[in-house]
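Novice: My file is start-v1.txt. It has compact mmCIF, C-alpha atoms and all ligand atoms:
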# COMPACT_ATOMS: atom_id res chain seq x y z
CA MET A 1 0.00 0.00 0.00
CA VAL A 2 1.39 3.43 -0.92
CA VAL A 3 0.37 6.06 1.60
CA ASP A 4 2.20 9.21 2.47
CA THR A 5 2.81 9.02 6.19
CA GLU A 6 2.78 12.53 7.62
CA VAL A 7 5.15 13.44 10.44
CA VAL A 8 3.42 15.10 13.40
CA ALA A 9 5.64 16.77 16.01
CA HIS A 10 4.46 15.50 19.39
CA ARG A 11 4.44 18.48 21.80
CA GLY A 12 6.80 20.05 19.21
CA ALA A 13 10.27 18.64 18.61
CA SER A 14 10.09 17.57 22.23
CA ALA A 15 13.15 15.31 22.30
CA ALA A 16 15.41 18.29 21.61
CA ARG A 17 13.48 21.20 23.18
CA ALA A 18 11.21 21.65 26.18
CA GLU A 19 7.77 20.31 25.22
CA HIS A 20 5.01 22.74 24.25
CA THR A 21 7.35 25.73 23.97
CA LEU A 22 7.57 28.00 20.96
CA ALA A 23 11.18 26.83 20.49
CA ALA A 24 10.01 23.20 20.27
CA TYR A 25 7.43 24.01 17.58
CA GLU A 26 9.76 26.28 15.61
CA LEU A 27 12.37 23.52 15.55
CA ALA A 28 9.71 21.03 14.40
CA LEU A 29 8.85 23.33 11.50
CA ARG A 30 12.52 23.68 10.55
CA GLU A 31 12.79 19.90 10.66
CA GLY A 32 9.97 19.64 8.13
CA ALA A 33 7.08 18.42 10.30
CA ASP A 34 3.78 18.16 8.42
CA GLY A 35 1.76 18.68 11.58
CA LEU A 36 2.02 19.91 15.16
CA GLU A 37 0.47 18.12 18.15
CA CYS A 38 -0.43 19.85 21.40
CA ASP A 39 -2.38 19.26 24.58
CA VAL A 40 -4.77 22.00 25.66
CA ARG A 41 -6.05 22.99 29.08
CA LEU A 42 -8.04 25.92 30.41
CA THR A 43 -6.58 28.43 32.83
CA ARG A 44 -8.65 29.74 35.74
CA ASP A 45 -9.55 32.82 33.69
CA GLY A 46 -10.57 30.83 30.62
CA HIS A 47 -7.51 30.89 28.33
CA LEU A 48 -6.44 27.79 26.43
CA VAL A 49 -2.80 26.95 27.07
CA CYS A 50 -0.60 24.14 25.79
CA VAL A 51 0.33 22.05 28.83
CA HIS A 52 0.23 18.26 29.11
CA ASP A 53 0.01 17.63 32.85
CA ARG A 54 -2.72 18.79 35.22
CA THR A 55 -0.06 20.66 37.19
CA ILE A 56 2.94 22.69 36.04
CA GLY A 57 5.58 21.21 38.36
CA ARG A 58 7.22 18.84 35.87
CA THR A 59 7.56 21.32 33.00
CA SER A 60 8.19 24.65 34.71
CA ASP A 61 9.78 26.27 37.75
CA GLY A 62 6.32 26.75 39.27
CA ALA A 63 3.72 24.65 41.04
CA GLY A 64 -0.04 24.23 41.06
CA ALA A 65 -2.80 23.14 38.74
CA VAL A 66 -3.22 24.91 35.39
CA GLY A 67 -6.94 25.27 36.10
CA ALA A 68 -6.26 27.04 39.40
CA LEU A 69 -3.91 29.64 37.88
CA THR A 70 -4.61 32.64 35.66
CA LEU A 71 -2.72 33.20 32.43
CA ALA A 72 -0.88 36.11 34.07
CA GLN A 73 0.22 33.81 36.91
CA LEU A 74 1.37 31.13 34.46
CA ARG A 75 3.38 33.74 32.57
CA ARG A 76 5.51 34.36 35.63
CA HIS A 77 7.00 30.88 35.27
CA ASP A 78 9.73 29.48 33.07
CA PHE A 79 8.69 26.50 30.94
CA GLY A 80 12.02 26.09 29.09
CA SER A 81 14.92 25.71 31.50
CA TRP A 82 13.87 22.36 33.06
CA HIS A 83 14.85 20.70 29.76
CA GLY A 84 18.21 22.47 29.62
CA GLY A 85 17.12 25.10 27.09
CA GLU A 86 16.41 28.82 27.09
CA PRO A 87 13.78 30.19 29.47
CA ALA A 88 10.32 30.13 27.84
CA GLU A 89 6.85 31.43 28.61
CA VAL A 90 3.82 29.21 28.70
CA LEU A 91 2.49 28.83 25.15
CA THR A 92 -1.11 29.82 24.51
CA PHE A 93 -3.22 27.87 22.05
CA GLU A 94 -3.78 31.13 20.14
CA GLN A 95 0.00 31.51 19.62
CA LEU A 96 0.34 27.95 18.38
CA ALA A 97 -2.70 28.16 16.09
CA GLY A 98 -1.24 31.36 14.60
CA LEU A 99 2.09 29.61 13.99
CA ALA A 100 0.42 26.59 12.34
CA ALA A 101 -1.73 28.87 10.16
CA ASP A 102 1.27 30.96 9.07
CA HIS A 103 3.26 27.85 8.14
CA ARG A 104 0.26 26.01 6.65
CA VAL A 105 0.81 22.85 8.64
CA ARG A 106 -1.85 20.75 10.31
CA LEU A 107 -2.62 21.21 13.96
CA PHE A 108 -3.68 18.29 16.18
CA ALA A 109 -5.20 19.62 19.41
CA GLU A 110 -5.84 17.17 22.24
CA THR A 111 -8.17 18.20 25.05
CA LYS A 112 -7.24 16.99 28.53
CA HIS A 113 -9.60 16.20 31.42
CA PRO A 114 -12.71 17.23 29.52
CA VAL A 115 -15.24 15.40 31.69
CA ARG A 116 -14.29 17.35 34.80
CA GLN A 117 -14.91 20.68 33.05
CA GLY A 118 -18.29 19.83 31.58
CA GLY A 119 -17.34 20.42 27.95
CA ARG A 120 -15.83 23.87 28.48
CA VAL A 121 -12.47 22.99 26.91
CA GLU A 122 -14.19 21.65 23.81
CA ARG A 123 -16.37 24.77 23.52
CA GLU A 124 -13.37 27.07 23.85
CA LEU A 125 -11.38 25.01 21.35
CA ALA A 126 -14.24 25.04 18.85
CA ARG A 127 -14.46 28.81 19.21
CA ALA A 128 -10.67 29.35 18.97
CA LEU A 129 -10.39 27.24 15.81
CA SER A 130 -12.93 29.36 13.99
CA ARG A 131 -10.60 32.36 14.31
CA TYR A 132 -7.94 30.77 12.06
CA ARG A 133 -7.79 29.38 8.54
CA LEU A 134 -6.35 26.16 9.76
CA ASP A 135 -6.24 22.49 8.88
CA ALA A 136 -6.96 21.23 12.39
CA HIS A 137 -7.93 17.92 14.00
CA MET A 138 -9.45 17.67 17.46
CA MET A 139 -8.38 14.67 19.55
CA SER A 140 -9.16 13.09 22.89
CA PHE A 141 -9.04 9.81 24.78
CA SER A 142 -12.50 10.73 26.04
CA PRO A 143 -15.32 9.55 23.75
CA LEU A 144 -17.57 12.09 25.45
CA ALA A 145 -15.23 14.94 24.59
CA VAL A 146 -14.92 13.90 20.94
CA ARG A 147 -18.69 13.51 20.61
CA ARG A 148 -19.32 16.90 22.22
CA PHE A 149 -16.78 18.60 19.98
CA LYS A 150 -18.20 16.98 16.83
CA ALA A 151 -21.63 18.32 17.68
CA LEU A 152 -20.15 21.83 17.87
CA ARG A 153 -17.89 21.63 14.82
CA PRO A 154 -18.94 18.82 12.45
CA ASP A 155 -16.56 20.27 9.84
CA VAL A 156 -13.42 19.65 11.93
CA PRO A 157 -12.02 16.09 11.73
CA THR A 158 -11.80 14.24 15.04
CA VAL A 159 -9.36 11.61 16.26
CA LEU A 160 -10.47 9.16 18.97
CA LEU A 161 -7.27 8.34 20.86
CA LEU A 162 -7.00 4.69 21.90
CA ASP A 163 -4.83 3.23 24.63
CA ARG A 164 -6.24 -0.09 25.92
CA PHE A 165 -8.71 -1.18 23.29
CA TRP A 166 -9.06 -0.69 19.52
CA PRO A 167 -12.66 -1.20 18.36
CA ARG A 168 -13.16 -2.61 14.86
CA ARG A 169 -15.57 0.20 13.98
CA LEU A 170 -15.37 3.80 15.09
CA PRO A 171 -18.44 5.70 16.25
CA THR A 172 -19.85 8.10 13.64
CA TRP A 173 -18.53 11.18 15.47
CA ALA A 174 -14.91 9.98 15.25
CA ASP A 175 -13.21 10.34 11.87
CA VAL A 176 -9.80 8.83 12.58
CA ALA A 177 -8.60 6.06 14.92
CA GLY A 178 -5.73 7.17 17.17
CA PRO A 179 -4.05 4.02 18.52
CA GLY A 180 -0.91 4.02 20.59
CA VAL A 181 1.85 2.22 18.72
CA HIS A 182 1.54 -0.67 21.23
CA LEU A 183 -1.97 -1.33 19.83
CA LEU A 184 -0.66 -1.25 16.27
CA ARG A 185 1.83 -3.98 17.18
CA ARG A 186 -0.96 -6.02 18.80
CA HIS A 187 -3.38 -5.86 15.85
CA PRO A 188 -1.88 -7.21 12.62
CA GLY A 189 -3.46 -5.81 9.50
CA ARG A 190 -4.80 -2.62 11.05
CA GLY A 191 -3.53 0.94 10.85
CA ALA A 192 -4.50 2.24 7.40
CA GLY A 193 -5.48 5.89 7.69
CA ALA A 194 -4.82 6.00 11.43
CA TYR A 195 -3.11 8.57 13.65
CA CYS A 196 -0.49 6.66 15.65
CA TRP A 197 1.35 7.87 18.77
CA THR A 198 4.10 8.13 19.97
CA VAL A 199 6.43 6.58 17.45
CA ASP A 200 10.15 7.03 18.02
CA ASP A 201 11.57 3.53 17.68
CA PRO A 202 12.89 2.83 14.13
CA ALA A 203 11.10 -0.56 13.98
CA ASP A 204 7.81 1.17 14.87
CA VAL A 205 8.35 3.83 12.20
CA ALA A 206 8.81 1.03 9.64
CA LEU A 207 5.67 -0.71 10.94
CA CYS A 208 3.62 2.48 10.54
CA ARG A 209 4.83 2.90 6.99
CA GLU A 210 4.05 -0.72 6.16
CA ARG A 211 0.52 -0.52 7.61
CA GLY A 212 -0.37 2.72 5.84
CA VAL A 213 -0.61 4.85 8.97
CA ARG A 214 -1.49 8.36 7.81
CA PHE A 215 -0.29 10.49 10.74
CA LEU A 216 2.68 9.50 12.88
CA ALA A 217 3.29 11.46 16.09
CA THR A 218 6.94 11.63 17.09
CA ASP A 219 9.15 13.52 19.54
CA ASN A 220 11.89 13.65 16.90
CA PRO A 221 10.55 14.87 13.55
CA ALA A 222 13.87 15.09 11.67
CA ARG A 223 15.01 11.59 12.54
CA THR A 224 11.56 10.10 11.88
CA ARG A 225 11.36 11.83 8.51
CA GLY A 226 14.75 10.32 7.63
CA LEU A 227 13.60 6.85 8.71
CA LEU A 228 10.41 7.12 6.62
CA ALA A 229 12.41 8.15 3.57
CA ALA A 230 14.80 5.21 4.02
CA ASN A 231 12.00 2.63 4.37
O1 LIG B 1 -0.72 12.26 20.23
C1 LIG B 1 -1.44 11.58 21.23
C2 LIG B 1 -0.62 11.46 22.43
O2 LIG B 1 -0.06 12.71 22.71
C3 LIG B 1 -1.39 10.97 23.60
O3 LIG B 1 -0.65 10.83 24.77
O4 LIG B 1 0.00 11.52 27.01
O5 LIG B 1 1.34 12.29 25.09
O6 LIG B 1 -0.93 13.21 25.48
P1 LIG B 1 -0.04 12.02 25.62
CA CA B 2 -1.06 14.67 23.64
Mind converting the file's structure to structure tokens?
Ligand code: G3P
Ligand code: CA
Specialist:
Amino acid sequence: MVVDTEVVAHRGASAARAEHTLAAYELALREGADGLECDVRLTRDGHLVCVHDRTIGRTSDGAGAVGALTLAQLRRHDFGSWHGGEPAEVLTFEQLAGLAADHRVRLFAETKHPVRQGGRVERELARALSRYRLDAHMMSFSPLAVRRFKALRPDVPTVLLLDRFWPRRLPTWADVAGPGVHLLRRHPGRGAGAYCWTVDDPADVALCRERGVRFLATDNPARTRGLLAAN
């Protein structure tokens, strides 16, 4: 099967730069990524920011839950130095969407902890996406979140992320299956058209290519691109 597998920078070029920082995404673009992946959370005052964890302790010099802090409070912290790089401000979703729009690359936005916030993250994301001319996908491990988002923005493709179980058929509100690479290994014959995460091992890159995976999320876009070209 001949399918172009697109390279998606997972949290930016996050092997080389602090995840979810502008520097990580700019490096991913220089490395030729076709798409950018990010996690989005809401601040206390309703701004969407790109942070993976519920709290900021692992990826900044601060502490506390994203949802308990305002954007101004988050901006007082350094999100770059923990990884050995330059100091960096928290990245807002608006900044990242602007970058993706300017560079005409796809954006894959994953909502975190949607159930707890009663659909607010999905509503804000739906609203934010309409401000940009952007080729975006919405993603979540939560079926409820994906279904809610699809009802708001039927025109935006959705990815149902899968960790433990890969159903044979996707629900109508999910456009793309998003298996972890461990599920791809476990299910021979599947993978065509899928979004697969997080693929950094050379054997897994080859497997994705072989199975016709469409979107491959990696922490190392340049190396993965090289591996895809060599396969
Ligand atoms: O791209 C999907 C992948 O990012 C899901 O896992 O924990 O890195 O958000 P996580
Ligand atoms: Ca993610």
Novice: Please, which residues have at least one atom within 9 Å of an atom of ligand CA 2 (chain B), using all atoms listed in the file, listed as a list in words?
Specialist: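 Within the 9 Å cut-off, the matching residues are His10, Arg11, Glu37, Cys38, Asp39, Val40, His52, Phe108, Ala109, Glu110, Thr111, Lys112, Met139, Ser140 and Trp197 of chain A.
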Novice: Let me make sure I understand: among A:Leu42, A:Leu144, A:Leu216, A:Val176, which one has the smallest atom-to-atom distance to ligand LIG 1 (chain B) if we use all atoms listed in the file?
Specialist: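 Selected residue with least distance to ligand LIG 1 (chain B): A:Leu216.
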Novice: Of the candidates A:Leu107, A:Val213, A:Val49, A:Val205, which shows the shortest atom-to-atom distance to Ala230 in chain A, using all atoms listed in the file?
Specialist: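 Among the listed residues, the smallest separation from Ala230 in chain A belongs to A:Val205.
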Novice: For the point (0.2, 22.2, 9.4) in file coordinates, what residues are within 9 Å, counting only C-alpha atoms? Give the answer as a ChimeraX atom specification?
Specialist: /A:8,29,33-36,99-108,134-136
Novice: Looking at only C-alpha atoms, which of A:Arg147, A:Arg131, A:His113, A:Arg223 is the one that sits closest to Asp53 in chain A?
Specialist: A:His113
Novice: May I ask for the distance between CA of Thr70 in chain A and CA of Leu125 in chain A, given in Å to one decimal place?
Specialist: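 Between CA of Thr70 in chain A and CA of Leu125 in chain A the gap is 17.6 Å.
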Novice: Mind pulling up the distance from CA of Gly62 in chain A to CA of Glu19 in chain A?
Specialist: 15.5 Å
Novice: Out of A:Met138, A:Pro221, A:Gly193, A:Ala229, which residue has the shortest atom-to-atom distance to Glu31 in chain A when counting only C-alpha atoms?
Specialist: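 The answer is A:Pro221, which sits nearest to Glu31 in chain A.
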Novice: Can you tell me, as a VMD selection string, which residues sit within 12 Å of (-6.6, 7.6, 22.8) in the file's frame, using only C-alpha atoms?
Specialist: chain A and resid 110 to 112 138 to 143 145 to 146 158 to 167 174 176 to 183 194 to 198
Novice: Could you tell me how far CA of Ser60 in chain A lies from CA of Arg225 in chain A, in Å and to one decimal?
Specialist: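 Straight-line distance from CA of Ser60 in chain A to CA of Arg225 in chain A works out to 29.3 Å.
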Novice: Determine the nearest neighbour of ligand LIG 1 (chain B) from the options A:Leu228, A:Ala28, A:Cys50, A:Ala97, counting all atoms listed in the file.
Specialist: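 Closest residue, counting all atoms listed in the file: A:Cys50.
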